[in-house]
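final_23.cif, holding mmCIF, C-alpha atoms:
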```
data_run
loop_
_atom_site.label_atom_id
_atom_site.label_comp_id
_atom_site.auth_asym_id
_atom_site.auth_seq_id
_atom_site.Cartn_x
_atom_site.Cartn_y
_atom_site.Cartn_z
CA MET Y 1 -3.89 15.89 -9.64
CA PRO Y 2 -2.52 19.12 -11.14
CA ALA Y 3 -1.06 18.99 -14.61
CA LEU Y 4 2.55 17.88 -14.82
CA SER Y 5 5.00 18.91 -17.52
CA ARG Y 6 7.47 16.18 -18.49
CA THR Y 7 10.34 16.13 -20.94
CA CYS Y 8 13.26 13.83 -21.76
CA ARG Y 9 16.43 14.41 -23.79
CA GLY Y 10 15.60 14.99 -27.43
CA THR Y 11 12.12 16.32 -26.68
CA ALA Y 12 11.32 20.02 -26.85
CA ALA Y 13 10.52 21.44 -23.41
CA PRO Y 14 6.87 22.47 -23.03
CA GLN Y 15 5.77 25.87 -21.91
CA VAL Y 16 5.46 25.82 -18.15
CA GLN Y 17 2.75 27.78 -16.38
CA GLU Y 18 4.23 29.39 -13.33
CA ALA Y 19 2.68 28.27 -10.05
CA PRO Y 20 2.58 30.53 -6.99
CA GLY Y 21 6.17 30.96 -5.82
CA GLY Y 22 7.63 30.20 -9.28
CA GLU Y 23 8.08 27.21 -11.59
CA ALA Y 24 9.91 24.05 -10.56
CA ALA Y 25 12.12 21.66 -12.53
CA VAL Y 26 13.98 18.43 -11.86
CA TRP Y 27 16.87 17.13 -13.97
CA LEU Y 28 17.81 13.45 -13.62
CA TRP Y 29 21.16 11.81 -14.38
CA PRO Y 30 21.86 8.16 -13.58
CA GLY Y 31 22.24 8.26 -9.79
CA ARG Y 32 22.05 12.06 -9.55
CA ALA Y 33 19.39 14.76 -9.61
CA LEU Y 34 18.98 18.54 -9.46
CA TYR Y 35 15.90 20.45 -8.30
CA ALA Y 36 15.47 24.16 -9.02
CA GLY Y 37 12.36 26.04 -7.97
CA PRO Y 38 10.29 27.29 -5.05
CA SER Y 39 11.73 26.82 -1.58
CA LEU Y 40 8.80 24.61 -0.55
CA ARG Y 41 7.86 23.87 3.05
CA LEU Y 42 10.02 20.89 3.84
CA GLY Y 43 9.50 18.78 6.92
CA PRO Y 44 12.29 17.00 8.81
CA HIS Y 45 13.90 14.37 6.61
CA SER Y 46 17.01 12.28 6.05
CA GLY Y 47 18.48 11.89 2.57
CA ALA Y 48 19.88 8.74 1.01
CA VAL Y 49 22.68 10.62 -0.78
CA ALA Y 50 24.62 13.86 -0.26
CA CYS Y 51 22.75 17.06 -1.13
CA VAL Y 52 24.17 20.47 -2.07
CA ALA Y 53 21.59 23.05 -0.94
CA VAL Y 54 21.70 26.59 -2.34
CA GLY Y 55 19.57 29.52 -1.21
CA VAL Y 56 19.23 31.28 -4.55
CA ASP Y 57 17.87 34.58 -3.23
CA ALA Y 58 18.36 34.41 0.56
CA PRO Y 59 19.97 32.33 3.31
CA PHE Y 60 18.42 29.19 4.78
CA ALA Y 61 18.74 27.33 8.08
CA VAL Y 62 19.72 23.68 8.53
CA ARG Y 63 18.37 22.52 11.89
CA ARG Y 64 19.58 19.26 13.42
CA ALA Y 65 18.81 17.55 16.70
CA PRO Y 66 21.30 17.32 18.24
CA GLY Y 67 23.54 19.84 16.54
CA GLY Y 68 21.65 23.11 16.65
CA GLU Y 69 21.17 25.36 13.63
CA LEU Y 70 23.48 26.41 10.82
CA ARG Y 71 22.63 29.36 8.58
CA ALA Y 72 24.09 29.48 5.09
CA ARG Y 73 23.63 30.31 1.43
CA THR Y 74 25.38 27.07 0.39
CA ALA Y 75 25.60 23.81 2.33
CA LEU Y 76 26.49 20.17 1.78
CA ILE Y 77 24.26 17.82 3.77
CA PRO Y 78 25.56 14.24 3.94
CA PRO Y 79 23.34 11.18 3.67
CA ARG Y 80 21.53 9.80 6.73
CA VAL Y 81 21.60 13.15 8.62
CA ARG Y 82 18.10 13.97 9.83
CA HIS Y 83 17.51 17.69 9.47
CA HIS Y 84 14.91 20.38 8.91
CA LEU Y 85 15.75 22.91 6.22
CA ALA Y 86 13.95 26.27 6.48
CA ALA Y 87 14.46 28.83 3.70
CA ASP Y 88 14.21 32.60 4.10
CA GLY Y 89 13.90 33.20 0.36
CA ASP Y 90 11.60 32.11 -2.44
CA ARG Y 91 13.90 29.81 -4.45
CA MET Y 92 16.28 26.94 -3.76
CA ILE Y 93 18.47 24.55 -5.71
CA PHE Y 94 19.15 21.02 -4.45
CA LEU Y 95 21.85 18.98 -6.18
CA TYR Y 96 21.92 15.29 -5.20
CA LEU Y 97 25.21 13.45 -5.79
CA ASP Y 98 26.28 9.86 -6.38
CA PRO Y 99 27.53 8.81 -2.92
CA GLY Y 100 31.20 7.91 -2.81
CA SER Y 101 31.88 9.23 -6.31
CA ALA Y 102 34.80 11.43 -7.31
CA GLU Y 103 32.21 14.16 -7.85
CA ASP Y 104 30.98 13.74 -4.27
CA ARG Y 105 34.49 13.77 -2.82
CA ALA Y 106 35.56 16.80 -4.87
CA CYS Y 107 32.48 18.70 -3.76
CA ARG Y 108 33.18 18.08 -0.08
CA ALA Y 109 36.63 19.62 -0.48
CA ARG Y 110 35.06 22.87 -1.70
CA PHE Y 111 33.29 23.68 1.59
CA SER Y 112 35.16 25.45 4.36
CA ALA Y 113 32.96 25.44 7.49
CA GLY Y 114 30.17 23.59 9.31
CA ASP Y 115 29.81 20.94 12.00
CA HIS Y 116 28.14 17.60 12.78
CA GLY Y 117 28.74 16.51 9.20
CA VAL Y 118 26.91 19.44 7.56
CA MET Y 119 29.33 21.68 5.66
CA THR Y 120 28.79 25.31 4.66
CA GLY Y 121 30.54 28.07 2.74
CA HIS Y 122 31.29 26.83 -0.78
CA GLU Y 123 34.55 28.36 -1.97
CA ALA Y 124 32.92 29.59 -5.20
CA GLU Y 125 29.71 30.68 -3.49
CA ALA Y 126 29.38 34.10 -5.13
CA GLY Y 127 29.62 32.69 -8.65
CA LEU Y 128 27.34 29.76 -7.87
CA LEU Y 129 24.65 32.07 -6.53
CA ASP Y 130 24.93 34.40 -9.50
CA ARG Y 131 24.49 31.57 -12.01
CA ALA Y 132 21.88 29.78 -9.89
CA ALA Y 133 19.59 32.78 -10.25
CA ALA Y 134 19.49 32.16 -14.01
CA ILE Y 135 18.41 28.50 -13.76
CA SER Y 136 14.75 27.86 -14.45
CA ALA Y 137 12.50 25.18 -15.91
CA ASN Y 138 13.34 26.50 -19.38
CA SER Y 139 17.12 26.42 -18.93
CA PRO Y 140 19.06 24.38 -21.52
CA ASP Y 141 20.46 21.10 -20.24
CA ARG Y 142 24.03 22.28 -20.84
CA GLN Y 143 23.49 25.26 -18.54
CA VAL Y 144 22.34 23.00 -15.72
CA THR Y 145 25.13 20.44 -16.16
CA ALA Y 146 27.71 23.25 -16.29
CA TRP Y 147 26.36 24.64 -13.01
CA ALA Y 148 26.51 21.19 -11.40
CA ALA Y 149 30.11 20.76 -12.55
CA GLU Y 150 30.98 24.16 -11.06
CA ALA Y 151 29.34 23.21 -7.77
CA THR Y 152 31.22 19.93 -7.45
CA GLY Y 153 34.47 20.92 -9.09
CA HIS Y 154 34.42 17.65 -11.01
CA GLN Y 155 33.11 16.69 -14.43
CA ALA Y 156 32.18 13.03 -13.95
CA ALA Y 157 30.95 10.68 -11.25
CA SER Y 158 33.77 8.12 -11.40
CA PHE Y 159 34.40 5.75 -8.49
CA THR Y 160 37.55 4.49 -6.80
CA ASP Y 161 36.09 1.03 -6.21
CA PRO Y 162 34.87 -0.61 -9.46
CA ARG Y 163 32.82 -3.17 -7.51
CA ILE Y 164 30.71 -0.47 -5.89
CA ALA Y 165 30.45 1.40 -9.19
CA ALA Y 166 29.12 -1.76 -10.83
CA ALA Y 167 26.61 -2.33 -8.02
CA MET Y 168 25.32 1.22 -8.20
CA ARG Y 169 24.93 1.09 -11.99
CA ARG Y 170 23.00 -2.16 -11.64
CA LEU Y 171 20.69 -0.63 -9.06
CA ILE Y 172 19.96 2.54 -11.02
CA GLY Y 173 19.34 0.67 -14.27
CA ALA Y 174 17.57 -2.39 -12.82
CA ASP Y 175 14.27 -3.53 -14.30
CA GLU Y 176 13.59 -5.73 -11.28
CA PRO Y 177 14.18 -5.55 -7.52
CA LEU Y 178 17.78 -6.43 -6.63
CA PRO Y 179 18.43 -7.90 -3.18
CA ALA Y 180 21.89 -7.35 -1.70
CA ALA Y 181 22.62 -11.08 -1.75
CA LEU Y 182 22.24 -11.19 -5.54
CA LEU Y 183 24.63 -8.30 -6.19
CA ALA Y 184 27.11 -9.65 -3.64
CA ALA Y 185 27.15 -13.00 -5.45
CA GLU Y 186 27.71 -11.27 -8.80
CA LEU Y 187 30.74 -9.50 -7.30
CA GLY Y 188 32.10 -12.65 -5.64
CA LEU Y 189 31.53 -11.31 -2.12
CA SER Y 190 29.59 -12.50 0.88
CA GLU Y 191 26.49 -10.46 1.59
CA SER Y 192 27.87 -9.15 4.89
CA ARG Y 193 31.17 -8.13 3.25
CA PHE Y 194 29.33 -6.43 0.39
CA LEU Y 195 27.10 -4.44 2.74
CA ARG Y 196 30.08 -3.25 4.81
CA LEU Y 197 32.04 -2.36 1.68
CA PHE Y 198 29.09 -0.44 0.24
CA ARG Y 199 28.66 1.61 3.41
CA ASP Y 200 32.41 2.26 3.75
CA ARG Y 201 32.83 3.41 0.15
CA THR Y 202 29.66 5.50 -0.19
CA GLY Y 203 28.78 6.80 3.29
CA THR Y 204 25.25 5.47 2.91
CA SER Y 205 23.69 2.03 3.29
CA TYR Y 206 22.77 -0.35 0.50
CA ARG Y 207 19.14 -0.21 1.60
CA ARG Y 208 19.10 3.58 1.46
CA PHE Y 209 20.73 3.74 -1.96
CA ARG Y 210 18.38 1.07 -3.29
CA LEU Y 211 15.51 3.29 -2.15
CA TRP Y 212 17.15 6.23 -3.97
CA ALA Y 213 17.34 4.06 -7.11
CA GLN Y 214 13.64 3.26 -6.73
CA MET Y 215 12.90 6.99 -6.51
CA HIS Y 216 14.84 7.53 -9.73
CA ARG Y 217 12.84 4.85 -11.50
CA ALA Y 218 9.56 6.35 -10.28
CA ALA Y 219 10.68 9.82 -11.42
CA ARG Y 220 11.54 8.52 -14.88
CA ALA Y 221 8.04 7.05 -15.08
CA LEU Y 222 6.56 10.45 -14.23
CA ALA Y 223 8.78 12.05 -16.87
CA ALA Y 224 7.37 9.56 -19.39
CA GLY Y 225 3.82 10.67 -18.60
CA GLU Y 226 2.71 8.11 -16.00
CA ASN Y 227 0.59 9.02 -12.97
CA LEU Y 228 1.63 8.55 -9.35
CA THR Y 229 0.07 5.11 -9.09
CA ARG Y 230 1.96 3.80 -12.11
CA ALA Y 231 5.17 5.57 -11.04
CA ALA Y 232 4.98 3.88 -7.63
CA ALA Y 233 4.61 0.48 -9.30
CA ASP Y 234 7.47 1.17 -11.72
CA GLY Y 235 9.64 2.09 -8.74
CA TYR Y 236 8.83 -1.23 -7.04
CA PHE Y 237 7.01 0.41 -4.17
CA ALA Y 238 4.36 -1.77 -2.52
CA SER Y 239 1.66 0.88 -3.04
CA PRO Y 240 1.25 4.59 -3.83
CA SER Y 241 1.04 5.26 -0.08
CA HIS Y 242 4.36 3.43 0.44
CA PHE Y 243 5.91 5.62 -2.28
CA SER Y 244 4.49 8.77 -0.69
CA THR Y 245 5.72 7.84 2.80
CA ALA Y 246 9.21 6.97 1.57
CA PHE Y 247 9.37 10.15 -0.53
CA TYR Y 248 8.41 12.32 2.45
CA ALA Y 249 11.01 10.64 4.68
CA MET Y 250 13.72 11.27 2.07
CA PHE Y 251 12.81 14.78 0.85
CA GLY Y 252 10.54 16.35 3.48
CA LEU Y 253 7.36 16.64 1.40
CA ALA Y 254 4.85 14.38 -0.35
CA PRO Y 255 5.28 13.77 -4.09
CA SER Y 256 1.82 15.27 -4.70
CA ALA Y 257 3.03 18.52 -3.08
CA LEU Y 258 5.96 18.66 -5.49
CA LEU Y 259 3.78 17.87 -8.49
CA SER Y 260 1.39 20.65 -7.51
CA ARG Y 261 4.16 23.04 -8.61
CA ARG Y 262 3.64 21.90 -12.23
CA VAL Y 263 7.16 20.55 -12.16
CA THR Y 264 9.06 19.81 -15.36
CA ILE Y 265 11.10 16.59 -15.20
CA ARG Y 266 13.98 16.15 -17.63
CA CYS Y 267 16.00 12.96 -18.09
CA LEU Y 268 19.67 13.49 -18.99
CA ASP Y 269 21.72 10.52 -20.21
CA PRO Y 270 18.80 8.14 -19.83
CA ILE Y 271 19.32 4.59 -18.63
CA GLY Y 272 19.56 1.86 -21.24
#
```

What do you get writing this file as structure tokens?
Amino acid sequence: MPALSRTCRGTAAPQVQEAPGGEAAVWLWPGRALYAGPSLRLGPHSGAVACVAVGVDAPFAVRRAPGGELRARTALIPPRVRHHLAADGDRMIFLYLDPGSAEDRACRARFSAGDHGVMTGHEAEAGLLDRAAAISANSPDRQVTAWAAEATGHQAASFTDPRIAAAMRRLIGADEPLPAALLAAELGLSESRFLRLFRDRTGTSYRRFRLWAQMHRAARALAAGENLTRAAADGYFASPSHFSTAFYAMFGLAPSALLSRRVTIRCLDPIG
């Protein structure tokens, strides 16, 4: 496997050797993530959380079936929408948001066009694109978090329903698998009521968000220096192949393809 650069808060970022098409970096917050780097060749996929997609140097196309094609420089793709994203340019940014958060809701209000759930035309598009061009693997954390705040129009991922906020925090920080029945009992709800409430408040399913939380845990393992096999186990995936299949379904490429870009992974506000 190609070398992988990994950093966490408080650790000096290593020098990154630029792969063909440019360097790549991922920043992780609890429940959120930002990718900046090469456009990649993404296959059809369906995300677990909302994603703000930005064509840093050129437009991109979001193709849905049904729904046709939308071309944009900025788009908000909701969870559970199967799509194929094809970029014209060399670099993209993907910002993944806590579903149902104030940050998520504020971001949706900043887009002015689109259809079939996919929104385009961020109201501050020109400024976002200008500052996106300056984000790289060596960017300071504060520069990345400031850009994310500008994109969403909100500084923090607060939630209107404290029960769902508690469930999501438990999932992201869990050191063991958490079935829905267990969390429902902790909240004093039936499992069926909890699952409906989770979907209504977040726009995604409990199962899909739990998978997103597993991806976060696996990514933190990679950031700590583990290989794919160990990362899959830390994320509670049944096997490395299960991790790879789930990753492809969620992001449109295999984790090994992302790691081949010598990606830098940075953990912001680490769990625990």

Exercise. Could you write out as an NGL selection string the residues that the PyMOL selection byres ((chain Y and resi 173) around 10) matches in the shown file?
Worked result: :Y and (30-31 or 168-172 or 174-176 or 213-214 or 216-217 or 270-272)

Exercise. How many Å lie between atom CA of Gly127 of chain Y and atom CA of Arg91 of chain Y, rounded to one decimal?
Worked result: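 Separating atom CA of Gly127 of chain Y from atom CA of Arg91 of chain Y is a distance of 16.5 Å.
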
Problem set entry | Expansion of the PyMOL selection byres ((chain Y and resi 82-85) around 10) into residues, as a PyMOL selection string | chain Y and resi 39-47+53+60-71+77-81+86-87+118+249-250+252

Quick one: write out the picked residues with C-alpha atoms as a PDB file, in the frame of the given file?
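Saved result, part.pdb, follows:
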```
ATOM      1  CA  SER Y  39      11.730  26.820  -1.580  1.00  0.00           C
ATOM      2  CA  LEU Y  40       8.800  24.610  -0.550  1.00  0.00           C
ATOM      3  CA  ARG Y  41       7.860  23.870   3.050  1.00  0.00           C
ATOM      4  CA  LEU Y  42      10.020  20.890   3.840  1.00  0.00           C
ATOM      5  CA  GLY Y  43       9.500  18.780   6.920  1.00  0.00           C
ATOM      6  CA  PRO Y  44      12.290  17.000   8.810  1.00  0.00           C
ATOM      7  CA  HIS Y  45      13.900  14.370   6.610  1.00  0.00           C
ATOM      8  CA  SER Y  46      17.010  12.280   6.050  1.00  0.00           C
ATOM      9  CA  GLY Y  47      18.480  11.890   2.570  1.00  0.00           C
ATOM     10  CA  ALA Y  53      21.590  23.050  -0.940  1.00  0.00           C
ATOM     11  CA  PHE Y  60      18.420  29.190   4.780  1.00  0.00           C
ATOM     12  CA  ALA Y  61      18.740  27.330   8.080  1.00  0.00           C
ATOM     13  CA  VAL Y  62      19.720  23.680   8.530  1.00  0.00           C
ATOM     14  CA  ARG Y  63      18.370  22.520  11.890  1.00  0.00           C
ATOM     15  CA  ARG Y  64      19.580  19.260  13.420  1.00  0.00           C
ATOM     16  CA  ALA Y  65      18.810  17.550  16.700  1.00  0.00           C
ATOM     17  CA  PRO Y  66      21.300  17.320  18.240  1.00  0.00           C
ATOM     18  CA  GLY Y  67      23.540  19.840  16.540  1.00  0.00           C
ATOM     19  CA  GLY Y  68      21.650  23.110  16.650  1.00  0.00           C
ATOM     20  CA  GLU Y  69      21.170  25.360  13.630  1.00  0.00           C
ATOM     21  CA  LEU Y  70      23.480  26.410  10.820  1.00  0.00           C
ATOM     22  CA  ARG Y  71      22.630  29.360   8.580  1.00  0.00           C
ATOM     23  CA  ILE Y  77      24.260  17.820   3.770  1.00  0.00           C
ATOM     24  CA  PRO Y  78      25.560  14.240   3.940  1.00  0.00           C
ATOM     25  CA  PRO Y  79      23.340  11.180   3.670  1.00  0.00           C
ATOM     26  CA  ARG Y  80      21.530   9.800   6.730  1.00  0.00           C
ATOM     27  CA  VAL Y  81      21.600  13.150   8.620  1.00  0.00           C
ATOM     28  CA  ALA Y  86      13.950  26.270   6.480  1.00  0.00           C
ATOM     29  CA  ALA Y  87      14.460  28.830   3.700  1.00  0.00           C
ATOM     30  CA  VAL Y 118      26.910  19.440   7.560  1.00  0.00           C
ATOM     31  CA  ALA Y 249      11.010  10.640   4.680  1.00  0.00           C
ATOM     32  CA  MET Y 250      13.720  11.270   2.070  1.00  0.00           C
ATOM     33  CA  GLY Y 252      10.540  16.350   3.480  1.00  0.00           C
TER      34      GLY Y 252
END
```

Problem set entry | Residue among Y:Ala184, Y:Ala149, Y:Leu97, Y:Leu228 lying closest to Arg196 of chain Y, counting only C-alpha atoms |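 Closest to Arg196 of chain Y of all the choices is Y:Ala184.
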
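Closest approach to Gly121 of chain Y from the set Y:Ala233, Y:Ala146, Y:Leu76, Y:Ala25 is made by Y:Leu76, with distances taken over all atoms listed in the file.
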
For this session: Would you kindly translate the PyMOL selection byres ((chain Y and resi 27) around 9) into the concrete residues it picks from this file, as a list in words?
Result: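 Checked against the file, the PyMOL selection byres ((chain Y and resi 27) around 9) matches Ala25, Val26, Leu28, Trp29, Arg32, Ala33, Leu34, Tyr35, Ala36, Asp141, Val144, Thr264, Ile265, Arg266, Cys267 and Leu268 of chain Y.
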
Exercise. Which residue, Y:Pro59, Y:Arg208, Y:Ser256, Y:Arg201, has the smallest gap to Ala180 of chain Y when you use all atoms listed in the file?
Worked result: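 Closest residue, counting all atoms listed in the file: Y:Arg208.
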
Problem set entry | Which of Y:Ala24, Y:Glu150, Y:Gly117, Y:Pro179 sits closest to Arg261 of chain Y [using only C-alpha atoms] |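 Answer, going by the shortest atom-to-atom distance: Y:Ala24.
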
For this session: In the coordinate frame of the file, compute which residues have an atom within 12 Å of (8.9, 4.1, -1.1) when using only C-alpha atoms, and state them as an MDAnalysis selection string.
Result: chainID Y and resid 207:219 228:229 231:251 254:255

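Across the structure, atom CA of Arg131 of chain Y and atom CA of Gly100 of chain Y are spaced 26.3 Å apart.
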
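For the pair atom CA of Leu222 of chain Y and atom CA of Ala132 of chain Y, the interatomic distance is 25.0 Å.
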
Exercise. With distances taken over all atoms listed in the file, which of Y:His116, Y:His122, Y:Arg110, Y:Arg105 is nearest to Ala72 of chain Y?
Worked result: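 Selected residue with least distance to Ala72 of chain Y: Y:His122.
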